[in-house]
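**Student:** My questions all concern the structure below.
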There are 2 protein chains.
Amino acid sequence: MMQLGAMQDWKLRVTHLIDHAAREYGQREIVTRWADGGETRTNWAGIRRDALKMTQALRALGVGQGDRVATLAMNHHRHLVSWYGAAGVGGVLHTINPRLFEDQLEYIANHAEDRVLLYDAMFAPLVERMKPRWTTIEHYICFDSSDSAPAFEDWIGAHDGNAAWADGDERDPCMLCYTSGTTGNPKGVLYEHRSTMLHAMSILQPAAFALEPRSVMLPIVPMFHAASWGLPWAGAAVGAKFVYCANNDAAVLCDLMKNEGVTHSAGVPTVWLAMFQQLEKSGETIEQGLPHLRQTIIGGSAAPRTMIERLMRAGVRVAHAWGMTETSPVGTLGGTTDDWDELSFDQQVDVVAMQGRVLFGVELRTVDDDGHEQPRDGETAGALHVRGPWVVKRYFKADADAADADQWFDTGDVGTIRPDGILRLTDRAKDVIKSGGEWISSVDLENAAVGCAGVAEAAAIGLPHPRWDERPVLVVVRKPGSTVSAEEIRAHLAEHVAKWWLPDAILFSDALPHTGTGKISKKDLREQYRDVTLEA
Amino acid sequence: MMQLGAMQDWKLRVTHLIDHAAREYGQREIVTRWADGGETRTNWAGIRRDALKMTQALRALGVGQGDRVATLAMNHHRHLVSWYGAAGVGGVLHTINPRLFEDQLEYIANHAEDRVLLYDAMFAPLVERMKPRWTTIEHYICFDSSDSAPAFEDWIGAHDGNAAWADGDERDPCMLCYTSGTTGNPKGVLYEHRSTMLHAMSILQPAAFALEPRSVMLPIVPMFHAASWGLPWAGAAVGAKFVYCANNDAAVLCDLMKNEGVTHSAGVPTVWLAMFQQLEKSGETIEQGLPHLRQTIIGGSAAPRTMIERLMRAGVRVAHAWGMTETSPVGTLGGTTDDWDELSFDQQVDVVAMQGRVLFGVELRTVDDDGHEQPRDGETAGALHVRGPWVVKRYFKADADAADADQWFDTGDVGTIRPDGILRLTDRAKDVIKSGGEWISSVDLENAAVGCAGVAEAAAIGLPHPRWDERPVLVVVRKPGSTVSAEEIRAHLAEHVAKWWLPDAILFSDALPHTGTGKISKKDLREQYRDVTLEA
C-alpha cells in the first residue's frame, strides 16, 4: 500500500507531563506544609530537576526498567518528585498505604518485589519493625533526615540532573497500587503509561476536576491512595499550583486554603466535617474562611446531605467521584443535568448526592444475578460492571483476567442508572438483600431507619427465608434513653420505602459490630444472627 | 518475562465518541436551521443511528476501508452524520471547502481520489460544472432533495442501522483536510483516529473550549474548515447540544443564540462584527441579545481590540485560538495568566489579544534564520515551529516528511513567546522584513500606520538594501480627502515602533492588491515595487 501520510509519533508516556509542566509553567509553585509547621516552596521546574536527579540516583543503584520503587509517605513535594523519578527511570512507582496492617504491609512489599523504599521519618519505627519481614527491599531512603537511612535530598543531591528519561512502550507499567480488599490478600493494579495519560487528560475537563493553569489544588486525598485520584499527573498537564499538607490537620488546611488561594480540593467527606468545626471555632463562614474555594470533589464514601448543602450554599461546586483502585480511579463524577437551571435547590442537592456520570471512555452497566443487563430506569438495581481504557484487565501477577471476555469488570457495587446516565450506588453486592428475585438495598433501609426518632444506628441484613430466599432483618441500636418500638420504626419505614421492603423482623441490640475502618461489619452481623428463623 | 498485569485494551478510534454520545446523552439535541428558515431537530442517538445506516449505504456501494468520502456542504446535522458514517465504515472523510477556485476543487478531489461526494443542493450547479473534471468520483449524493442525485435521507433510509463500525488500527486515517495554501497546489493533511481522539479529549479542558454536558455549542466555523476545529468529535465526548446554522446569517445567528440557549461559540472575528450590527439594529445589548453566551473562541485571524473589549465587558470569555490545518487544528488557546485577577481590564485585554498557550501535547519553539532557538523573552521574534501528537508528520501522498527529524514542523508564522509561554504572532515568515539580521514585523508596522489619522490602509514590505539586506517600505492608501504626508506618518510611527523599524520610504497608492480571501497580497506588492532602489 502506498504511503498515505501521517500525523506525528508521540507516545503516551507520563514523562511528557513533567516536561510540559516545567517548560510551560516552570515557575508555578508547589508548596508543602510539613507536620512540624515548616514550609517548603518549590515549583514545577524544581520537581522536574529533582526527578531527573532521582533517575540518576536510581540508575547508580542499578534500578531501572520495570523495577518497583516503593513509597511509604504522606503528601509532600518530595513524594511528588518520586512519582516522576520512579516512572521516569522506566520503573514502577508503588505507593504503599501506611495505614495497612503489618501483615498486609509484609505481603504487598514482598509480592510487589519492591527493590527500593522511600519513607517518611514518621514511619521509621514501622520500617524498622518491618525490615526483617521484607525480603526484596535492597535500599531504604528517608524523605526527611534520618539516622538509619540516606536522606532523600542527599541521595539525589549527589547528581546533577543532566539525564534523560527512560524510553519504552506506552503500555509499559508506571505505577502499582494495591487494593485494601476486605477479603483475601490485597490485589495489585498495575497502571500503564498509556492508561495513566488518558486518565490524566480526561479528568481535566469541566465535568471532572475542571483543572486549568490558574487552579490551585490542595489534594486532601493521600498520595498513597488510588494514585491520589490521578491529580499529580493531571495537574502537571495544566501547570496547576499544588499545596500539600503533610498531616491534613483541619486548622492547617483552613489556613492553607485561605492563604495559598486554594481553588480546588479533593478528598473524603470526613475532613470537611473537621474543617467546618474549625471554621466555627474561628467564627468564620465558608465564604470568609475559604474565600478562593470554587470546587471540592468528594470520594471514598458519600457526603452527608447537610455537608453538600452547606458547601453549595457557599457557592462551592460539590461533586461526588465514584471509582476504585481498579479504575485509576475515576469512573463517574457528579455533574449537572441538562435541566439544572430549572431545578430547585433541593432537587440540585438530590442530583449532587448521586454518583454522577461516566467520563468519556468509561462504560457502565448493571446486571441481575443471571448477568442480564438491567434497564436504565433509575430504579432497577443491579451489579455494577465497568470497562474502559483505565480499568484493570488483569491484576499484578494474576493467572487470569479480572475482567470478562468483553472486558466487563465487576465492581462489587450495586446501583441504578438513570435514563440520563446518572449512577446512584445503592449497596455493596455482598450486602444487598435478594427477596423473590428482587433486590432490596440495605443502605436505603438503614438510611430510612436512622431517620426515625430514637434510632441511633441501624443495620439491615438478609436472612434465609423459605419462600423468598432472603428477607430483610433490621438490627437497631436505640439512642440513650429511647424506648422506640419495632412498631414505631415499622410505621416510619412504611412512609419511606416500598411495602415489600419492610423488614420481617426488627431486633434491638446494645451495639453493632464494626470493622477496623469504622464501617458496620455485615459479615459479623450475619454470623451473629444466623440462627434467627423467618417464617413464610 | 512473566505476565505482570494489564489495564484494558481500548483503541483510540473515533467511533467510541458517537457510541458514548448516543449511550449517555442520546436525547441531547442537535438542531439545524436551514438557509430557507426551516428547522430540523434530532439528537445524538439519531446521529448515531443515521451514521450506522450510512455505513450500510457505503458498504452497498463497495466503499470501505481507506476509501475517501468527500463532502461539499455547509453546517447541518446531515453533514455531522456523514463525519461519523465515513469514519465509521473505516473510510476517510474528506471535507472540501466550496469557496476554493474551481482549479483547486478539481485538483484536490482528484488528488484525494474521492469515490463518493455528498453535497448541498446549493452547490449543485458547481457540482454539475465540475463533474467532467473529477475523474475518481463514482457516486454523487445530495444532502437535500435533488433531481440529479439520490437524496441523502433516501440513500441511508434504505437501511436499518443494524450494523457495526469497522474495526482497524488507531493510526488508520479517518479524515483528510486540504490546506488552501497561497502558493503551489493545496496539500492534504491526513488525520488519524488516534490524533483526532487525543485532540478531541484535549480541547474539552477549561483552558480550551471548556465543553461539558450542559454546553450548547453553535459552531460558526464551517465544517469544511480544519476539521471544524475538532468540535464535532469533542462535542460528542460530553454530549453537548449543537446548534447548526446553514448560512451564518447574523440575524439568524442572534436568534439561535438567544432562543436555543447557546453558551459556546467558535469562529472567525468577522461574523461578530455583523452580529454586533444586528444587535444594534434590534436595540439590544450583548447581555440582552445573547443572554446565555459564556464564551467565544476566535480563530482564523486576530480579533480587533474593540471586539474583545465589547465581549469581555458583557461577561463573555473571549479567547484566540492559534493553529492550522496541519495542527488538527488547535495549537494554542488564549487563557488567563497566573496574576490574572491583579491585572487591570486593559492589561487583561492585552493578554487576550495574544495567541495564548499550548495545550498539553503541543510544543512550540521559535528559531532564527540559522535554526537557533530563540529565547522566550516575549520580545525576540523567530520562525514558529510546532510539534505534537496532532501535528502533521507527512502530507497526503507526499514523498518526504513535512516535519524535520525531531518532528518540528515550520508553521510559516513568526512570533514571540513570553517567559510564561504565551505566544504572540507578529507576522507571516514570508512577509517579515529582515534588516541587518534582525526581524521587523510587517504586521506591527501596518497596525501602527493605520492608527495615523488620514491613513485608510497600509502595507509594509521589505525591499533589497545594499547594507542591511532588506529595509521596510510602507505603501499607504489615504482616506478619501486626506492629504496626510509621509513626514506626518513617519512622526506617528516614531511614537509606536523602534527607530530602526522606521520605513526607508513611505509611498502612496490609490489601492493595494488583494487576494481572493480579502488579504493584502504582499507577493503582488513586492512585484509591483521591485524597481524601487534603496540607498545605504
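Residues are referred to by chain and number: the chain letter is A, B, ... according to the order shown in the C-alpha cells, the number counts from 1 in that chain, and ligands are numbered separately from 1 in the order shown.
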Distance cut-off 8 Å, counting only C-alpha atoms - which residues of chain B neighbour chain A? Return them as a count of residues only.

**Tutor:** 54

**Student:** At a cut-off of 9 Å, using only C-alpha atoms, what residues contact region 447-459 of chain A? Leave out same-chain residues fewer than 2 positions from it and give the result as an mmCIF file with C-alpha atoms, in the first residue's frame.

**Tutor:**
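Full text of around-v2.cif as output:
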data_model
loop_
_atom_site.group_PDB
_atom_site.id
_atom_site.type_symbol
_atom_site.label_atom_id
_atom_site.label_comp_id
_atom_site.auth_asym_id
_atom_site.auth_seq_id
_atom_site.Cartn_x
_atom_site.Cartn_y
_atom_site.Cartn_z
ATOM 1 C CA SER A 442 -29.595 -2.493 52.804
ATOM 2 C CA VAL A 443 -28.207 1.055 52.688
ATOM 3 C CA ASP A 444 -31.559 2.609 51.770
ATOM 4 C CA LEU A 445 -33.306 0.673 54.542
ATOM 5 C CA ILE A 461 -29.123 -7.814 56.633
ATOM 6 C CA VAL A 473 -33.977 -8.090 59.147
ATOM 7 C CA LEU A 474 -33.200 -4.767 60.785
ATOM 8 C CA VAL A 475 -30.946 -4.571 63.825
ATOM 9 C CA VAL A 476 -31.387 -1.310 65.713
ATOM 10 C CA VAL A 477 -29.387 0.439 68.434
ATOM 11 C CA ARG A 478 -31.622 2.839 70.344
ATOM 12 C CA LYS A 479 -30.471 6.296 71.340
ATOM 13 C CA PRO A 480 -29.720 6.573 75.085
ATOM 14 C CA GLY A 481 -32.992 6.768 76.966
ATOM 15 C CA SER A 482 -35.126 5.998 73.915
ATOM 16 C CA THR A 483 -37.864 3.364 74.092
ATOM 17 C CA VAL A 484 -38.754 3.454 70.423
ATOM 18 C CA GLU A 488 -42.978 2.710 65.570
ATOM 19 C CA ILE A 489 -39.931 2.019 63.419
ATOM 20 C CA ARG A 490 -42.013 -0.061 61.024
ATOM 21 C CA HIS A 492 -41.772 5.190 59.972
ATOM 22 C CA LEU A 493 -40.217 2.916 57.379
ATOM 23 C CA HIS A 496 -40.147 5.887 53.105
ATOM 24 C CA VAL A 497 -39.747 2.509 51.388
ATOM 25 C CA ALA A 511 -24.127 -2.197 69.861
ATOM 26 C CA LEU A 512 -23.293 -3.219 66.299
ATOM 27 C CA ILE A 520 -20.637 -1.753 60.267
ATOM 28 C CA LYS A 522 -22.356 -7.002 57.965
ATOM 29 C CA LEU A 525 -23.759 -9.342 61.957
#

**Student:** B:Ala163, B:Asp120, B:Glu284, B:Asn259: which is nearest Ala149 (chain B), counting only C-alpha atoms?

**Tutor:** B:Asp120

**Student:** With distances taken over only C-alpha atoms, which of A:Ile286, A:Ala73, A:Leu273, A:Leu333 is nearest to Pro304 (chain A)?

**Tutor:** A:Leu273

**Student:** In region 95-184 of chain B, what's strand (DSSP E or B) per DSSP? Answer as number ranges by chain?

**Tutor:** B: 95, 116-119, 139-142, 151, 173-178

**Student:** Using all heavy atoms, can you export the residues from the last selection as a compact mmCIF listing (two decimals), in the first residue's frame?

**Tutor:**
# COMPACT_ATOMS: atom_id res chain seq x y z
N THR B 95 -13.50 16.67 3.77
CA THR B 95 -14.35 17.86 3.72
C THR B 95 -13.74 18.87 2.76
O THR B 95 -12.63 19.36 2.98
CB THR B 95 -14.45 18.49 5.12
OG1 THR B 95 -13.14 18.63 5.66
CG2 THR B 95 -15.29 17.64 6.05
N VAL B 116 -16.80 9.03 -3.39
CA VAL B 116 -18.19 9.46 -3.17
C VAL B 116 -18.16 10.95 -2.84
O VAL B 116 -17.26 11.41 -2.16
CB VAL B 116 -18.81 8.70 -1.97
CG1 VAL B 116 -20.26 9.12 -1.75
CG2 VAL B 116 -18.69 7.20 -2.16
N LEU B 117 -19.16 11.68 -3.35
CA LEU B 117 -19.30 13.09 -2.94
C LEU B 117 -20.71 13.32 -2.43
O LEU B 117 -21.69 13.02 -3.13
CB LEU B 117 -19.01 14.05 -4.10
CG LEU B 117 -19.22 15.53 -3.72
CD1 LEU B 117 -18.10 16.03 -2.79
CD2 LEU B 117 -19.31 16.42 -4.96
N LEU B 118 -20.81 13.85 -1.19
CA LEU B 118 -22.09 14.27 -0.65
C LEU B 118 -22.10 15.79 -0.66
O LEU B 118 -21.16 16.41 -0.16
CB LEU B 118 -22.24 13.76 0.79
CG LEU B 118 -22.18 12.23 0.96
CD1 LEU B 118 -20.82 11.80 1.48
CD2 LEU B 118 -23.28 11.75 1.90
N TYR B 119 -23.15 16.39 -1.24
CA TYR B 119 -23.12 17.85 -1.41
C TYR B 119 -24.48 18.47 -1.13
O TYR B 119 -25.52 17.83 -1.26
CB TYR B 119 -22.63 18.21 -2.81
CG TYR B 119 -23.54 17.72 -3.92
CD1 TYR B 119 -24.50 18.58 -4.49
CD2 TYR B 119 -23.44 16.42 -4.42
CE1 TYR B 119 -25.35 18.14 -5.50
CE2 TYR B 119 -24.28 15.98 -5.43
CZ TYR B 119 -25.23 16.84 -5.96
OH TYR B 119 -26.07 16.40 -6.95
N HIS B 139 -19.86 8.18 -7.14
CA HIS B 139 -21.21 8.30 -6.61
C HIS B 139 -21.45 9.70 -6.08
O HIS B 139 -20.65 10.22 -5.29
CB HIS B 139 -21.43 7.29 -5.48
CG HIS B 139 -21.05 5.89 -5.84
ND1 HIS B 139 -21.85 5.10 -6.65
CD2 HIS B 139 -19.94 5.17 -5.56
CE1 HIS B 139 -21.26 3.92 -6.82
NE2 HIS B 139 -20.09 3.94 -6.17
N TYR B 140 -22.55 10.29 -6.50
CA TYR B 140 -22.95 11.61 -6.01
C TYR B 140 -24.23 11.46 -5.20
O TYR B 140 -25.19 10.84 -5.64
CB TYR B 140 -23.19 12.57 -7.18
CG TYR B 140 -21.91 12.95 -7.90
CD1 TYR B 140 -21.43 12.19 -8.96
CD2 TYR B 140 -21.19 14.09 -7.51
CE1 TYR B 140 -20.24 12.52 -9.63
CE2 TYR B 140 -20.01 14.43 -8.17
CZ TYR B 140 -19.54 13.65 -9.23
OH TYR B 140 -18.37 13.99 -9.86
N ILE B 141 -24.22 12.04 -3.99
CA ILE B 141 -25.40 12.01 -3.11
C ILE B 141 -25.68 13.45 -2.71
O ILE B 141 -24.76 14.19 -2.35
CB ILE B 141 -25.13 11.20 -1.82
CG1 ILE B 141 -24.52 9.82 -2.13
CG2 ILE B 141 -26.40 11.09 -0.97
CD1 ILE B 141 -25.44 8.84 -2.76
N CYS B 142 -26.95 13.85 -2.77
CA CYS B 142 -27.29 15.22 -2.39
C CYS B 142 -27.85 15.23 -0.97
O CYS B 142 -28.76 14.46 -0.65
CB CYS B 142 -28.31 15.79 -3.37
SG CYS B 142 -28.64 17.54 -3.06
N ALA B 151 -31.17 11.56 -2.87
CA ALA B 151 -31.19 12.39 -1.67
C ALA B 151 -30.64 11.57 -0.50
O ALA B 151 -30.91 10.36 -0.38
CB ALA B 151 -32.61 12.85 -1.36
N PRO B 173 -6.09 6.36 9.04
CA PRO B 173 -6.65 7.69 8.80
C PRO B 173 -8.16 7.69 8.93
O PRO B 173 -8.82 6.68 8.66
CB PRO B 173 -6.22 7.99 7.37
CG PRO B 173 -6.06 6.66 6.73
CD PRO B 173 -5.58 5.72 7.81
N CYS B 174 -8.74 8.82 9.33
CA CYS B 174 -10.20 8.95 9.40
C CYS B 174 -10.67 10.22 8.71
O CYS B 174 -11.87 10.38 8.49
CB CYS B 174 -10.69 8.91 10.84
SG CYS B 174 -10.17 10.30 11.85
N MET B 175 -9.76 11.13 8.38
CA MET B 175 -10.18 12.41 7.84
C MET B 175 -9.06 13.04 7.03
O MET B 175 -7.88 12.85 7.35
CB MET B 175 -10.57 13.34 8.99
CG MET B 175 -11.30 14.58 8.55
SD MET B 175 -12.09 15.41 9.94
CE MET B 175 -12.95 16.69 9.02
N LEU B 176 -9.44 13.77 5.99
CA LEU B 176 -8.48 14.43 5.11
C LEU B 176 -8.92 15.87 4.91
O LEU B 176 -10.05 16.12 4.49
CB LEU B 176 -8.43 13.68 3.78
CG LEU B 176 -7.54 14.19 2.66
CD1 LEU B 176 -6.06 14.19 3.07
CD2 LEU B 176 -7.72 13.32 1.41
N CYS B 177 -8.05 16.81 5.24
CA CYS B 177 -8.34 18.23 5.01
C CYS B 177 -7.20 18.83 4.21
O CYS B 177 -6.03 18.65 4.58
CB CYS B 177 -8.45 19.00 6.34
SG CYS B 177 -9.94 18.68 7.27
N TYR B 178 -7.55 19.57 3.16
CA TYR B 178 -6.52 20.24 2.38
C TYR B 178 -6.33 21.67 2.88
O TYR B 178 -7.30 22.35 3.23
CB TYR B 178 -6.88 20.25 0.89
CG TYR B 178 -6.58 18.92 0.22
CD1 TYR B 178 -7.43 17.83 0.41
CD2 TYR B 178 -5.44 18.74 -0.55
CE1 TYR B 178 -7.16 16.60 -0.17
CE2 TYR B 178 -5.17 17.52 -1.16
CZ TYR B 178 -6.02 16.46 -0.95
OH TYR B 178 -5.74 15.23 -1.53
